[in-house]
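> Have a look at the structure that comes next, please.
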Amino acid sequence: MVKRFDWYKGEENEEKKQQPQNPTKLRHNVQAGQVLVILSGRFRGKRVVFLKQLQSGYILVTGPYKVNGVPLLRLPQKHTLTTSKIIDVAGVNTDNVTDAYFKKDKKVKGTKEEQFFQDGKKKKAEVSQEKKDTQKAVDASILAAIKGKTEAKYLRDVFTLHKGQKAHELVF
Amino acid sequence: MAITRYVEPGRVALVNYGKNVHKLGVIVDILDENRVLLDGPTTGVAREVYPLKRLYLTGLKVSILRGARTKTLRKALENNDICEKWEKTSKAKKQAIKMKRASLNDYDRFVVSNLKRRRAFELRRKAK
């Protein structure tokens with residue numbers, strides 16, 4: 001293949017990075033407020049609330065954080081299981097949560113001497129106040145909608161297969 | 001104990017397996033020691049040959065002649081209210097429970113397990 005040269009590299013090319021040509025097609029029965037089960041990763045088994053699909057094709061979900069410890073999370077749709085439970089998310093505004101929200105900050109490395117003296121201790125990752133505020137703002141209306149109801153306990157519960165249960169025979 | 005539920009024309013049977021599973025049919029004729037002709041006009045079971053292994057014989061019976069036609073059978077079933085008699089039996093009730101449990105979705109299953117835990121908690125509390 002002939003190498004393409006970006007002679008006229010302008011602003012348009014910068015935005016295209018986050019937009020894949022064929023973004024993942026959202027499952028037909030998924031809508032805002034749907035409860036999904038996370039199947040892999042740190043939060044596997046947790047039931048979370050689906051918010052929206054991001055530009056890159058990933059899905060945006062939240063625990064809510066106060067309920068089950070899952071923050072605003074970006075997941076591939078494939079790593080989730082759709083249940084038929086829908087939670088009211090009428091008052092939720094996720095306009096300011098995009099792929100840029102999940103961009104990792106570049107680690108500031110100290111000099112080699114500083115690293116040596118740290119004895120390999122890792123600094124605990126701190127969550128910025130901005131992210132905490134966004135989390136609170138997004139979760140507020142969801143928490144109000146499920147307060148005191150069985151839905152709150154349901155989201156706190158972790159999904160597992162029990163004895164005698166067969167995944168292909170379960171209805172979700 | 002002696003056998004009381006005979007394979008005979010008029011014996012109401014429950015289909016155990018296949019596309020008509022959980023439905024009632026009536027034995028109309030007997031082919032050999034393994035197969036019977038089953039018909040269930042009021043329950044949507046087409047007149048077909050079924051192996052006995054796929055059937056569960058109930059205690060209900062209709063009086064029809066061997067090889068009775070679907071129309072005659074339908075009249076006999078409706079006159080005897082077989083479907084209503086079946087619904088009252090414990091087998092039918094157990095089947096309904098089993099089917100209900102299989103159809104529960106994820107949230108329903110959680111609600112059930114939550115209620116069970118609360119009940120167990122209350123019983124333990126009262127036992128003290």
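Ligands are numbered from 1 in the order shown, chains are lettered A, B, ... in the order of the structure tokens, and residues start at 1 in each chain.
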Write out as a PyMOL selection string every residue belonging to chain A that has an atom at most 8 Å from any atom of chain B, counting only C-alpha atoms.

chain A and resi 83-85+150+154+169-172

> Kindly save the residues from that selection, with N, CA and C atoms included, as a CSV table (one decimal), in the first residue's frame.


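Contents of the output file out05.csv:
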```csv
chain,number,residue,atom,x,y,z
A,83,THR,N,-30.7,-6.9,30.7
A,83,THR,CA,-31.9,-7.5,31.4
A,83,THR,C,-33.1,-6.7,30.9
A,84,SER,N,-34.3,-7.1,31.3
A,84,SER,CA,-35.5,-6.4,30.8
A,84,SER,C,-36.0,-5.4,31.8
A,85,LYS,N,-35.2,-5.1,32.9
A,85,LYS,CA,-35.6,-4.1,33.9
A,85,LYS,C,-35.2,-2.7,33.4
A,150,THR,N,-37.3,-1.6,46.0
A,150,THR,CA,-36.5,-2.9,45.8
A,150,THR,C,-35.5,-2.7,44.7
A,154,TYR,N,-31.8,-4.3,44.3
A,154,TYR,CA,-31.5,-5.1,43.2
A,154,TYR,C,-30.2,-4.7,42.5
A,169,GLU,N,-30.9,-21.2,29.8
A,169,GLU,CA,-32.4,-21.4,30.1
A,169,GLU,C,-32.9,-20.2,30.9
A,170,LEU,N,-32.1,-19.3,31.3
A,170,LEU,CA,-32.6,-18.2,32.1
A,170,LEU,C,-33.2,-17.1,31.2
A,171,VAL,N,-34.3,-16.5,31.7
A,171,VAL,CA,-34.9,-15.4,31.0
A,171,VAL,C,-34.4,-14.2,31.7
A,172,PHE,N,-33.9,-13.2,30.9
A,172,PHE,CA,-33.4,-11.9,31.5
A,172,PHE,C,-34.4,-10.8,31.2
```

> Give me, as a ChimeraX atom specification, all polymer residues having an atom no more than 12 Å from Asp133 in chain A, counting only C-alpha atoms and skipping those fewer than 4 positions away in the same chain.

/A:65,71-72,96-97,127-129,137-140

> With only C-alpha atoms as the counted atoms, please give the residues lying no more than 12 Å from range 48-52 of chain B, apart from itself and same-chain residues fewer than 4 positions off, as a PyMOL selection string.

chain B and resi 6-8+13-21+25-41+44+56-57+70

> Could you save the residues just selected, with C-alpha atoms, as a CSV table (one decimal), in the first residue's frame?


```csv
chain,number,residue,atom,x,y,z
B,6,TYR,CA,-54.7,-47.7,31.4
B,7,VAL,CA,-53.7,-46.8,27.9
B,8,GLU,CA,-57.2,-46.8,26.3
B,13,ALA,CA,-52.6,-37.6,28.6
B,14,LEU,CA,-50.2,-34.8,29.1
B,15,VAL,CA,-47.5,-34.3,26.5
B,16,ASN,CA,-44.0,-34.2,28.1
B,17,TYR,CA,-41.7,-33.4,25.2
B,18,GLY,CA,-41.7,-31.8,21.8
B,19,LYS,CA,-43.5,-28.8,20.3
B,20,ASN,CA,-46.8,-29.6,22.2
B,21,VAL,CA,-45.1,-29.9,25.6
B,25,GLY,CA,-54.4,-34.7,24.5
B,26,VAL,CA,-56.7,-37.7,24.4
B,27,ILE,CA,-55.7,-41.2,23.3
B,28,VAL,CA,-57.9,-42.1,20.4
B,29,ASP,CA,-56.3,-45.3,19.2
B,30,ILE,CA,-53.4,-47.6,20.0
B,31,LEU,CA,-50.9,-48.5,17.3
B,32,ASP,CA,-48.6,-50.9,19.1
B,33,GLU,CA,-47.2,-51.3,22.6
B,34,ASN,CA,-45.2,-48.1,22.2
B,35,ARG,CA,-47.3,-45.7,20.2
B,36,VAL,CA,-50.7,-44.1,20.3
B,37,LEU,CA,-52.8,-41.8,18.3
B,38,LEU,CA,-53.3,-38.6,20.2
B,39,ASP,CA,-55.8,-35.8,19.6
B,40,GLY,CA,-56.4,-32.5,21.5
B,41,PRO,CA,-58.9,-30.4,19.6
B,44,GLY,CA,-54.3,-27.2,20.0
B,56,TYR,CA,-47.9,-38.8,31.0
B,57,LEU,CA,-51.2,-40.5,31.6
B,70,THR,CA,-61.9,-35.0,16.1
```

> I'd like the neighbourhood of His79 in chain A as a list in words, where a residue qualifies if any of its atoms comes within 9 Å (using only C-alpha atoms), though same-chain residues fewer than 3 positions away should be ignored.

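Non-adjacent residues within range: Val37, Ile38, Leu39, Ser40, Gly41, Arg44, Leu75 and Pro76 of chain A.
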
> For each of A:Lys25, A:Gly33, A:Lys66, A:Gln55, take the minimum atom-to-atom distance to Lys132 in chain A, counting only C-alpha atoms, then give the residue where this is smallest.

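The answer is A:Lys66, which sits nearest to Lys132 in chain A.
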
> Any idea what's packed within 8 Å of Val48 in chain A, counting only C-alpha atoms, ignoring anything in its chain fewer than 2 positions away? Could you give it as an mmCIF file with N, CA, C and O atoms, in the first residue's frame?


```cif
data_model
loop_
_atom_site.group_PDB
_atom_site.id
_atom_site.type_symbol
_atom_site.label_atom_id
_atom_site.label_comp_id
_atom_site.auth_asym_id
_atom_site.auth_seq_id
_atom_site.Cartn_x
_atom_site.Cartn_y
_atom_site.Cartn_z
ATOM 1 N N VAL A 35 -31.279 -1.848 32.897
ATOM 2 C CA VAL A 35 -30.297 -2.449 33.795
ATOM 3 C C VAL A 35 -29.477 -3.472 33.004
ATOM 4 O O VAL A 35 -30.026 -4.343 32.335
ATOM 5 N N LEU A 36 -28.157 -3.314 33.074
ATOM 6 C CA LEU A 36 -27.269 -4.261 32.405
ATOM 7 C C LEU A 36 -26.427 -4.964 33.456
ATOM 8 O O LEU A 36 -26.197 -4.436 34.534
ATOM 9 N N VAL A 37 -25.965 -6.167 33.149
ATOM 10 C CA VAL A 37 -25.057 -6.875 34.039
ATOM 11 C C VAL A 37 -23.676 -6.841 33.386
ATOM 12 O O VAL A 37 -23.530 -7.209 32.231
ATOM 13 N N ILE A 38 -22.680 -6.385 34.136
ATOM 14 C CA ILE A 38 -21.324 -6.342 33.586
ATOM 15 C C ILE A 38 -20.725 -7.741 33.683
ATOM 16 O O ILE A 38 -20.776 -8.380 34.732
ATOM 17 N N LYS A 46 -21.815 -7.038 38.490
ATOM 18 C CA LYS A 46 -22.580 -5.901 39.014
ATOM 19 C C LYS A 46 -23.680 -5.496 38.049
ATOM 20 O O LYS A 46 -23.498 -5.530 36.834
ATOM 21 N N PHE A 50 -27.784 1.672 32.298
ATOM 22 C CA PHE A 50 -27.293 2.146 31.008
ATOM 23 C C PHE A 50 -27.715 3.594 30.803
ATOM 24 O O PHE A 50 -28.863 3.953 31.071
ATOM 25 N N VAL A 61 -22.250 3.690 31.346
ATOM 26 C CA VAL A 61 -23.118 3.188 32.421
ATOM 27 C C VAL A 61 -22.700 3.813 33.743
ATOM 28 O O VAL A 61 -21.601 4.337 33.873
ATOM 29 N N THR A 62 -23.611 3.731 34.709
ATOM 30 C CA THR A 62 -23.273 4.142 36.071
ATOM 31 C C THR A 62 -23.943 3.191 37.045
ATOM 32 O O THR A 62 -24.967 2.587 36.721
ATOM 33 N N GLY A 63 -23.344 3.055 38.266
ATOM 34 C CA GLY A 63 -23.803 2.103 39.270
ATOM 35 C C GLY A 63 -25.279 2.201 39.609
ATOM 36 O O GLY A 63 -26.014 1.249 39.391
ATOM 37 N N PRO A 64 -25.709 3.317 40.179
ATOM 38 C CA PRO A 64 -25.040 4.547 40.621
ATOM 39 C C PRO A 64 -23.958 4.287 41.682
ATOM 40 O O PRO A 64 -24.015 3.290 42.374
ATOM 41 N N VAL A 70 -20.025 1.347 41.467
ATOM 42 C CA VAL A 70 -19.607 1.444 40.069
ATOM 43 C C VAL A 70 -19.724 2.902 39.636
ATOM 44 O O VAL A 70 -20.808 3.468 39.681
ATOM 45 N N LEU A 155 -29.979 -3.368 42.472
ATOM 46 C CA LEU A 155 -28.731 -2.875 41.879
ATOM 47 C C LEU A 155 -27.537 -3.176 42.773
ATOM 48 O O LEU A 155 -26.409 -3.299 42.304
#
```

> Using only C-alpha atoms, which protein or nucleic acid residues come within 10 Å of Asp88 in chain A? Drop anything in the same chain fewer than 5 positions from it, and give the result as a short mmCIF file (atom, residue, chain, number, x, y, z; two decimals) with N, CA and C atoms, in the first residue's frame.


```cif
data_model
loop_
_atom_site.label_atom_id
_atom_site.label_comp_id
_atom_site.auth_asym_id
_atom_site.auth_seq_id
_atom_site.Cartn_x
_atom_site.Cartn_y
_atom_site.Cartn_z
N ALA A 32 -32.22 4.04 27.49
CA ALA A 32 -31.68 4.73 28.67
C ALA A 32 -32.42 4.26 29.92
N GLY A 33 -31.70 3.86 30.95
CA GLY A 33 -32.33 3.38 32.16
C GLY A 33 -32.37 1.87 32.26
N GLN A 34 -31.98 1.19 31.19
CA GLN A 34 -32.00 -0.28 31.21
C GLN A 34 -30.94 -0.79 32.17
N VAL A 49 -26.82 0.79 35.49
CA VAL A 49 -27.83 1.47 34.69
C VAL A 49 -27.20 2.01 33.41
N SER A 141 -30.57 12.11 40.10
CA SER A 141 -31.98 11.80 39.77
C SER A 141 -32.25 10.30 39.79
N ILE A 142 -31.23 9.50 39.47
CA ILE A 142 -31.44 8.05 39.51
C ILE A 142 -31.66 7.60 40.94
N LEU A 143 -30.83 8.14 41.86
CA LEU A 143 -30.97 7.77 43.27
C LEU A 143 -32.32 8.17 43.81
N ALA A 144 -32.79 9.35 43.39
CA ALA A 144 -34.10 9.82 43.84
C ALA A 144 -35.20 8.89 43.34
N ALA A 145 -35.05 8.38 42.12
CA ALA A 145 -36.08 7.53 41.53
C ALA A 145 -36.16 6.16 42.21
N ILE A 146 -35.02 5.65 42.74
CA ILE A 146 -35.05 4.29 43.29
C ILE A 146 -35.00 4.27 44.81
#
```

> Work out how far CA of Ile97 in chain B is from CA of Leu123 in chain B, in Å to one decimal.

23.9 Å

> I'd like to know which of B:Lys100, B:Lys94, B:Arg119, B:Arg47 is closest to Gly67 in chain B, using only C-alpha atoms.

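Among the listed residues, B:Arg47 lies closest to Gly67 in chain B.
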
> Set the distance at 9 Å and use only C-alpha atoms: which residues neighbour Gln77 in chain A once local chain neighbours fewer than 2 positions away are removed? I'd like the list as a list of chain:residue names.

A:Thr24, A:Lys25, A:Leu26, A:Arg27, A:Gly57, A:Tyr58, A:Ile59, A:Leu75, A:His79, A:Thr80, A:Leu81

> Quick one: pull the distance between CA of Lys163 in chain A and CA of Arg125 in chain B, Å, one decimal.

27.3 Å

> Of the candidates A:Asn93, A:Gln21, A:Thr98, A:Thr160, which one gets nearest to Leu73 in chain A if we count only C-alpha atoms?

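Comparing A:Asn93, A:Gln21, A:Thr98, A:Thr160 against Leu73 in chain A, the winner is A:Thr98.
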